[in-house]
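Read through the structure below, which is laid out as structure tokens, and then see the notes.
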Amino acid sequence: MISKTIRTTALGIFGLALFWGSPTGTLRAQNAKTYRPSILPAPAKMDVGTSALLRSGGIEITAPTSLKNEHALLEAWWLSSRLLCSEGGKNKGLQAKLSVDPSLPREGYRLSWKSNKLELAGGSPAGVFYGIQTLKQTVPLDSAQPEVLSALEIVDRPAFPYRGMHLDVSRHFFDVAFIKKHLDALAQAKMNTFHWHLTDDQGWRIEIKQYPRLTDVGAWRSGSQQGPYSLQYFDTLRYGGFYTQDQIREVVAYAAERHITVIPEIEMPGHALAALAAYPQFSCNQKPLEVARGWGVFDDVFCAGNDETFVFLENVLREVFALFPAPYVHLGGDECPKTRWKACERCQARMRTEGLNDEHELQSYFIQRMERFANANGKKIIGWDEILEGGLAPNATVMSWRGETGGKAAAQSGHDAIMTPGNPCYFDHYQARRDGEPHAIGGFNPVQAVYLYPVVPAGLSPEEAKHILGSQGNVWTEYMLTPDHVEYMMHPRMEALAEVLWTGPRKESDVEDFRRRLRTYTQHLERSGYRVASHFLTPEPQKQP
Ligand code: TNX
């Protein structure tokens with residue numbers, strides 16, 4: 001057990017100032033305005049009592065060493081919130097006890113805060129961490145006012161085990177500082193998975209020591225498509241960037257401290273132009289190729305007939321597995337045109353020797369072969385729902401993006417699925433129909449649609465429904481050039497999805513309460529420097545489509 005007492009002089013002075021400032025010389029609960037915390041995602045059960053928690057100075061934390069991080073977080077929060085906790089005018093400081101109670105759900109927690117005693121137990125360190133995220137929202141934003149925090153009893157747990165956000169760093173690149181800020185926002189919303197889309201046609205973003213050209217060549221393009229797709233306008237500026245392996249480790253560790261699993265995505269067999277520009281010998285034509293400057297789907301894909309392609313990809317994945325402790329690796333599998341395979345002698349020969357009837361079965365062969373490698377190395381694979389075509393890899397988890405059909409079919413055949421249907425999980429779609437919105441890829445996914453997303457497709461039996469692990473918001477960045485724009489597209493849609501995934505599917509009648517809590521939450525986000533879209537917070541008439 002470690003136990004620590006911290007007393008900060010600055011806080012003590014603040015405490016005295018408050019007492020002097022009150023008319024009777026003591027600060028009493030009834031004299032102050034009671035602050036009713038607005039927690040987002042809404043906890044499963046919250047009772048707000050009447051006994052007062054007043055501002056006070058010190059904090060004394062008892063916690064087992066397994067909660068070292070959480071201990072530090074609680075301490076940092078207490079000090080930065082400049083709270084003062086006292087009772088009957090006696091400045092007592094906060095006594096906090098953190099613990100792990102394995103009888104609670106793994107990510108769940110129980111929080112009790114009465115007067116100057118706070119007890120927080122989690123089913124695991126993650127549960128304690130989420131309790132602290134809740135705690136951070138119990139404090140009024142402007143701690144200069146002598147508000148009273150009411151006593152709190154919260155029992156909470158997530159509805160879904162997979163609560164994710166995806167970010168495409170290939171179409172546009174975002175540096176480590178941004179990724180960390182992004183992870184902070186995820187953690188605060190109790191999201192537990194970051195799906196990092198690291199490779200695509202327009203840029204390879206992860207250093208692979210054995211294949212330096214992947215980043216020397218594949219991380220850079222000679223220009224970028226600008227403006228609406230229909231304009232077909234390209235600039236001529238060299239654009240790119242990548243993460244070194246040290247940076248990847250730094251991000252993975254940063255995420256782990258926040259109980260976020262980072263799932264890397266290495267796209268195959270399609271969306272591979274950046275890799276093939278670096279190593280054209282793994283394409284069917286084996287001719288020089290360029291990193292894509294424009295968006296879309298490209299015919300040049302990894303050659304499925306060449307054994308060397310598999311050796312290359314296995315070597316790449318070996319390095320990837322060593323960097324990411326996640327149980328999953330995402331192998332893409334989406335939007336792979338079969339044009340080159342149809343004309344490729346090696347691919348056709350592979351189909352004959354393997355007895356494959358068409359190129360869809362060749363795609364299955366490709367993914368299943370890579371799945372065997374991943375499984376043999378202790379990793380499970382995730383693929384976009386195209387991996388269902390031509391036969392699903394035996395242990396694969398399906399990410400359902402073309403509607404719900406893929407996820408439903410996967411669950412019905414006993415496979416796990418993660419629901420990310422374009423509607424409403426694509427956060428690259430418009431969130432409002434009004435003039436002046438920044439250009440988006442299309443579609444319309446307003447916050448409310450995300451908030452009312454039921455996650456589990458209709459028509460599944462309770463057994464099948466267990467295979468729906470959760471959902472994630474996808475942020476494809478063809479039309480998002482800056483961190484500010486990414487945040488504008490993410491918030492508050494991510495918070496809406498976070499509440500669905502944590503609290504459970506929501507009803508129309510929950511919308512106004514969410515909006516109310518979201519206003520406070522947004523103030524917290526904005527104070528921390530996040531850009532938040534305001535359409536849902538201050539609704540205005542929408543244009544007709
Ligand atoms: C489809 S979703 C893609 C991406 C695009 C996205 C744009 C998926 C598996 N593939 O390559 O960026 O649409 O919304």
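In the structure tokens, chains take letters A, B, ... by order of appearance, with residues numbered from 1 within each chain and ligands from 1 in the order shown.
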**Request:** Produce as a PyMOL selection string the set of residues near ligand 1, where near means within 7 Å with only C-alpha atoms and all ligand atoms considered.
**Result:** chain A and resi 332+334-335+384+401+426+428+441+476-478
**Request:** Using DSSP on the backbone, list every residue of stretch 284-474 of chain A that comes out as strand (DSSP E), and give them as a ChimeraX atom specification.
**Result:** /A:328-332,380-384,397-400,417-419,468-474
**Message:** as a count of residues only, please: every residue in stretch 137-281 of chain A that DSSP puts in helix (DSSP H, G or I).
**Reply:** 41
**Request:** Tell me which of A:Glu319, A:Asp156, A:Glu119, A:Asp101 sits closest to A:Trp502, counting only C-alpha atoms.
**Result:**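 Of A:Glu319, A:Asp156, A:Glu119, A:Asp101, the one nearest A:Trp502 is A:Asp156, counting only C-alpha atoms.
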Closest-contact table, stretch 89-115 of chain A side, partner stretch 120-129 of chain A, 9 Å, counting only C-alpha atoms, as a Markdown table:
| residue | atom | partner | partner_atom | distance |
| --- | --- | --- | --- | --- |
| A:Ala96 | CA | A:Leu120 | CA | 7.7 |
| A:Lys97 | CA | A:Leu120 | CA | 6.2 |
| A:Leu98 | CA | A:Leu120 | CA | 5.0 |
| A:Ser99 | CA | A:Ala121 | CA | 4.7 |
| A:Val100 | CA | A:Gly122 | CA | 5.0 |
| A:Asp101 | CA | A:Gly123 | CA | 5.1 |
| A:Pro102 | CA | A:Gly123 | CA | 4.8 |
| A:Ser103 | CA | A:Gly123 | CA | 6.5 |
| A:Leu104 | CA | A:Gly123 | CA | 4.4 |
| A:Pro105 | CA | A:Gly123 | CA | 5.2 |
| A:Arg106 | CA | A:Gly123 | CA | 4.2 |
| A:Glu107 | CA | A:Gly127 | CA | 4.1 |
| A:Gly108 | CA | A:Gly127 | CA | 4.7 |
| A:Tyr109 | CA | A:Gly122 | CA | 4.1 |
| A:Arg110 | CA | A:Ala121 | CA | 5.3 |
| A:Leu111 | CA | A:Leu120 | CA | 4.5 |
| A:Ser112 | CA | A:Leu120 | CA | 6.4 |
| A:Trp113 | CA | A:Leu120 | CA | 8.4 |
**Asked** For the atom pair atom CA of A:Ala304 and atom CA of A:Leu362, what is the interatomic distance in Å to one decimal place?
**Response**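 Rounded to one decimal, the two atoms are 7.3 Å apart.
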**Prompt:** Near A:Asn357, within 12 Å and counting only C-alpha atoms, which residues show up once chain neighbours fewer than 6 positions away are dropped, as a list in words?
**Reply:**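 Those residues are Lys342, Gln348, Ala349, Arg350, Met351, Gln363, Ser364, Tyr365, Gly390 and Gly391 of chain A.
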**Item:** Counting only C-alpha atoms, the option among A:Gly49, A:Gly93, A:Pro269, A:Gly218 closest to A:Val291
**Value:**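 Ranking A:Gly49, A:Gly93, A:Pro269, A:Gly218 by distance to A:Val291, first place goes to A:Gly218.
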**Asked** With distances taken over only C-alpha atoms, which of A:Gly294, A:Gly270, A:Gly378, A:Pro288 is nearest to A:Thr236?
**Response** A:Gly294
Within 12 Å of stretch 512-532 of chain A: each stretch 175-258 of chain A residue with its shortest pair, only C-alpha atoms, as CSV:
residue,atom,partner,partner_atom,distance
A:Phe178,CA,A:Tyr530,CA,10.7
A:Lys181,CA,A:Tyr530,CA,8.7
A:His182,CA,A:Tyr530,CA,9.2
A:Asp184,CA,A:Ser528,CA,10.0
A:Ala185,CA,A:Leu525,CA,8.0
A:Leu186,CA,A:Leu525,CA,11.3
A:Gln188,CA,A:Leu525,CA,9.5
A:Ala189,CA,A:Tyr521,CA,9.7
**Request:** Using only C-alpha atoms, determine which residues lie at most 7 Å from A:Glu207, disregarding the query and same-chain residues fewer than 2 positions distant; provide the list as a list in words.
**Result:** Arg205, Lys209, Thr215, Phe242, Tyr243, Thr244 and Gln245 of chain A
**Request:** Name the residues in contact with stretch 247-251 of chain A at a cut-off of 9 Å, using only C-alpha atoms, excluding same-chain residues fewer than 4 positions from it; report them as a PyMOL selection string.
**Result:** chain A and resi 176+179-180+183+206-207+243+255-256+262+323-324
Skip A:Val297 itself and residues of its chain fewer than 5 positions away, then list as a short mmCIF file (atom, residue, chain, number, x, y, z; two decimals) with all heavy atoms, in the first residue's frame all residues within 12 Å of it, counting only C-alpha atoms.
data_model
loop_
_atom_site.label_atom_id
_atom_site.label_comp_id
_atom_site.auth_asym_id
_atom_site.auth_seq_id
_atom_site.Cartn_x
_atom_site.Cartn_y
_atom_site.Cartn_z
N ASP A 200 -2.29 3.68 -46.17
CA ASP A 200 -3.32 3.77 -47.22
C ASP A 200 -2.60 4.19 -48.50
O ASP A 200 -1.37 4.29 -48.52
CB ASP A 200 -4.43 4.76 -46.83
CG ASP A 200 -5.79 4.32 -47.37
OD1 ASP A 200 -5.91 4.15 -48.61
OD2 ASP A 200 -6.71 4.11 -46.57
N ASP A 201 -3.39 4.43 -49.55
CA ASP A 201 -2.78 4.78 -50.83
C ASP A 201 -1.97 6.07 -50.76
O ASP A 201 -0.99 6.24 -51.47
CB ASP A 201 -3.89 4.96 -51.88
CG ASP A 201 -4.69 3.69 -52.06
OD1 ASP A 201 -4.10 2.67 -52.46
OD2 ASP A 201 -5.91 3.70 -51.79
N GLN A 202 -2.40 7.00 -49.90
CA GLN A 202 -1.81 8.35 -49.93
C GLN A 202 -0.67 8.54 -48.94
O GLN A 202 -0.13 9.65 -48.84
CB GLN A 202 -2.91 9.39 -49.66
CG GLN A 202 -3.99 9.42 -50.71
CD GLN A 202 -5.03 8.32 -50.52
OE1 GLN A 202 -4.98 7.55 -49.56
NE2 GLN A 202 -5.96 8.23 -51.46
N GLY A 270 -5.82 -4.19 -50.66
CA GLY A 270 -6.01 -2.93 -51.38
C GLY A 270 -5.54 -1.75 -50.56
O GLY A 270 -4.91 -1.92 -49.51
N HIS A 271 -5.83 -0.56 -51.02
CA HIS A 271 -5.42 0.69 -50.35
C HIS A 271 -3.92 0.62 -50.00
O HIS A 271 -3.52 0.96 -48.88
CB HIS A 271 -6.26 0.95 -49.10
CG HIS A 271 -7.63 1.49 -49.42
ND1 HIS A 271 -7.83 2.73 -50.00
CD2 HIS A 271 -8.88 0.97 -49.24
CE1 HIS A 271 -9.14 2.95 -50.16
NE2 HIS A 271 -9.79 1.88 -49.72
N ALA A 272 -3.13 0.16 -50.97
CA ALA A 272 -1.72 -0.16 -50.67
C ALA A 272 -0.73 0.59 -51.58
O ALA A 272 0.45 0.23 -51.62
CB ALA A 272 -1.51 -1.67 -50.82
N LEU A 273 -1.21 1.63 -52.26
CA LEU A 273 -0.32 2.29 -53.23
C LEU A 273 0.95 2.86 -52.61
O LEU A 273 2.02 2.83 -53.24
CB LEU A 273 -1.07 3.43 -53.93
CG LEU A 273 -1.49 3.19 -55.37
CD1 LEU A 273 -2.05 4.49 -55.96
CD2 LEU A 273 -0.32 2.69 -56.23
N ALA A 292 -0.34 7.89 -54.02
CA ALA A 292 -1.51 8.59 -54.58
C ALA A 292 -1.58 10.03 -54.09
O ALA A 292 -1.31 10.32 -52.92
CB ALA A 292 -2.78 7.84 -54.20
N ASP A 334 -10.69 -3.78 -47.16
CA ASP A 334 -11.78 -3.10 -47.87
C ASP A 334 -11.37 -2.69 -49.27
O ASP A 334 -10.18 -2.56 -49.57
CB ASP A 334 -12.23 -1.85 -47.09
CG ASP A 334 -11.09 -0.85 -46.92
OD1 ASP A 334 -10.00 -1.28 -46.51
OD2 ASP A 334 -11.29 0.35 -47.19
N GLU A 335 -12.36 -2.48 -50.10
CA GLU A 335 -12.23 -1.82 -51.40
C GLU A 335 -10.99 -2.29 -52.18
O GLU A 335 -10.13 -1.48 -52.51
CB GLU A 335 -12.19 -0.30 -51.21
CG GLU A 335 -13.45 0.23 -50.55
CD GLU A 335 -13.46 1.74 -50.32
OE1 GLU A 335 -12.40 2.30 -49.97
OE2 GLU A 335 -14.51 2.36 -50.48
N CYS A 336 -10.94 -3.58 -52.44
CA CYS A 336 -9.81 -4.11 -53.20
C CYS A 336 -10.28 -4.50 -54.61
O CYS A 336 -10.89 -5.56 -54.78
CB CYS A 336 -9.21 -5.32 -52.49
SG CYS A 336 -7.84 -6.04 -53.40
N PRO A 337 -10.01 -3.63 -55.59
CA PRO A 337 -10.43 -3.98 -56.96
C PRO A 337 -9.73 -5.26 -57.41
O PRO A 337 -8.59 -5.53 -57.02
CB PRO A 337 -9.97 -2.79 -57.80
CG PRO A 337 -9.66 -1.70 -56.83
CD PRO A 337 -9.28 -2.37 -55.55
N LYS A 338 -10.40 -6.01 -58.25
CA LYS A 338 -9.83 -7.29 -58.67
C LYS A 338 -9.22 -7.20 -60.08
O LYS A 338 -8.80 -8.21 -60.65
CB LYS A 338 -10.92 -8.39 -58.63
CG LYS A 338 -11.72 -8.45 -57.30
CD LYS A 338 -10.85 -8.82 -56.12
CE LYS A 338 -11.58 -9.01 -54.80
NZ LYS A 338 -12.14 -7.85 -54.15
N THR A 339 -9.18 -5.97 -60.62
CA THR A 339 -8.70 -5.76 -61.99
C THR A 339 -7.33 -6.37 -62.25
O THR A 339 -7.14 -7.12 -63.21
CB THR A 339 -8.60 -4.23 -62.25
OG1 THR A 339 -9.65 -3.59 -61.54
CG2 THR A 339 -8.67 -3.89 -63.72
#
